[in-house]
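What follows is a single structure, written as structure tokens, with notes after it.
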Amino acid sequence: QLQLVESGGGLVQPGGSLRLSCGTSLFTFDYHHIGWFRQAPGKEREGVSCISSIGGRTNYADSVKDRFTISRDNAKNTVYLQMNSLKPEDTAIYYCAAYRITIQGLCPISAPPYDFWGQGTQVTVSS
């Protein structure tokens, strides 16, 4: 189900920054964990980061720790992924995803159980 909308992708030089946004008008994010995933050509989709519904706890893949920051603005029903110190290996299509929680806890950065997805936004890191 494609019900989320990502934006903010583009072409950036190594070492540069981008901020991705994810939102929807179809439901509120209040009781949803939100995750960011990416898929590079010829590779499997991988979890990048997520932010929990209650308390806003965050989780990051080792490959992006200390470079990427996820945040949420519930008033705007939007989640952001600030990406700094970008590397060519960060090149991929980035997807946001959401699922409504039934149990509080730290969000996972694995594709299941996310069941609402966006269409993706391309991020290319190249000189």
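Ligands are numbered from 1 in the order shown, residues from 1 within each chain, and chains are lettered A, B, ... in the order they appear in the structure tokens.
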
- All strand (DSSP E) residues (DSSP, backbone) inside chain A, as an MDAnalysis selection string: chainID A and resid 2:7 10:12 18:23 32:39 46:51 58:60 68:73 78:83 92:100 116:118 121:125

- All residues 9 Å or closer to range 85-99 of chain A, only C-alpha atoms, same chain fewer than 4 positions away omitted, as a VMD selection string: chain A and resid 3 to 6 9 12 to 18 20 to 23 29 31 to 41 48 64 67 to 68 79 111 113 to 127

- Best match for closeness to Gly10 in chain A among A:Leu26, A:Asp66, A:Met83, A:Arg72, counting only C-alpha atoms: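 Looking only at the distances to Gly10 in chain A, the closest residue turns out to be A:Met83.
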
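Closest to Gln104 in chain A among A:Ile54, A:Ile70, A:Leu11, A:Leu81 is A:Ile54, based on only C-alpha atoms.
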
- Of the candidates A:Asp30, A:Pro112, A:Thr102, A:Arg19, which one gets nearest to Asp73 in chain A if we count only C-alpha atoms?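 Checking each candidate against Asp73 in chain A, we get A:Asp30 as the closest.
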
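Shortest separation to Cys50 in chain A among A:Thr78, A:Asn84, A:Ser71, A:Ser63 occurs at residue A:Ser71, atoms counted being only C-alpha atoms.
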
- Query: Just how far from CA of Asn77 in chain A is CA of Phe27 in chain A, in Å to one decimal?
  - Reply: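 Rounded to one decimal, the two atoms are 8.7 Å apart.
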
- Message: Please list as a list of chain:residue names every residue within 8 Å of Thr58 in chain A, counting only C-alpha atoms and excluding residues in the same chain fewer than 3 positions away.
- Response: A:Ser49, A:Cys50, A:Ile51, A:Ser52, A:Ile70, A:Leu106, A:Cys107

- Task: Figure out the distance between CA of Tyr80 in chain A and CA of Gly56 in chain A, please, to one decimal in Å.
- Result: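 CA of Gly56 in chain A sits 12.5 Å away from CA of Tyr80 in chain A.
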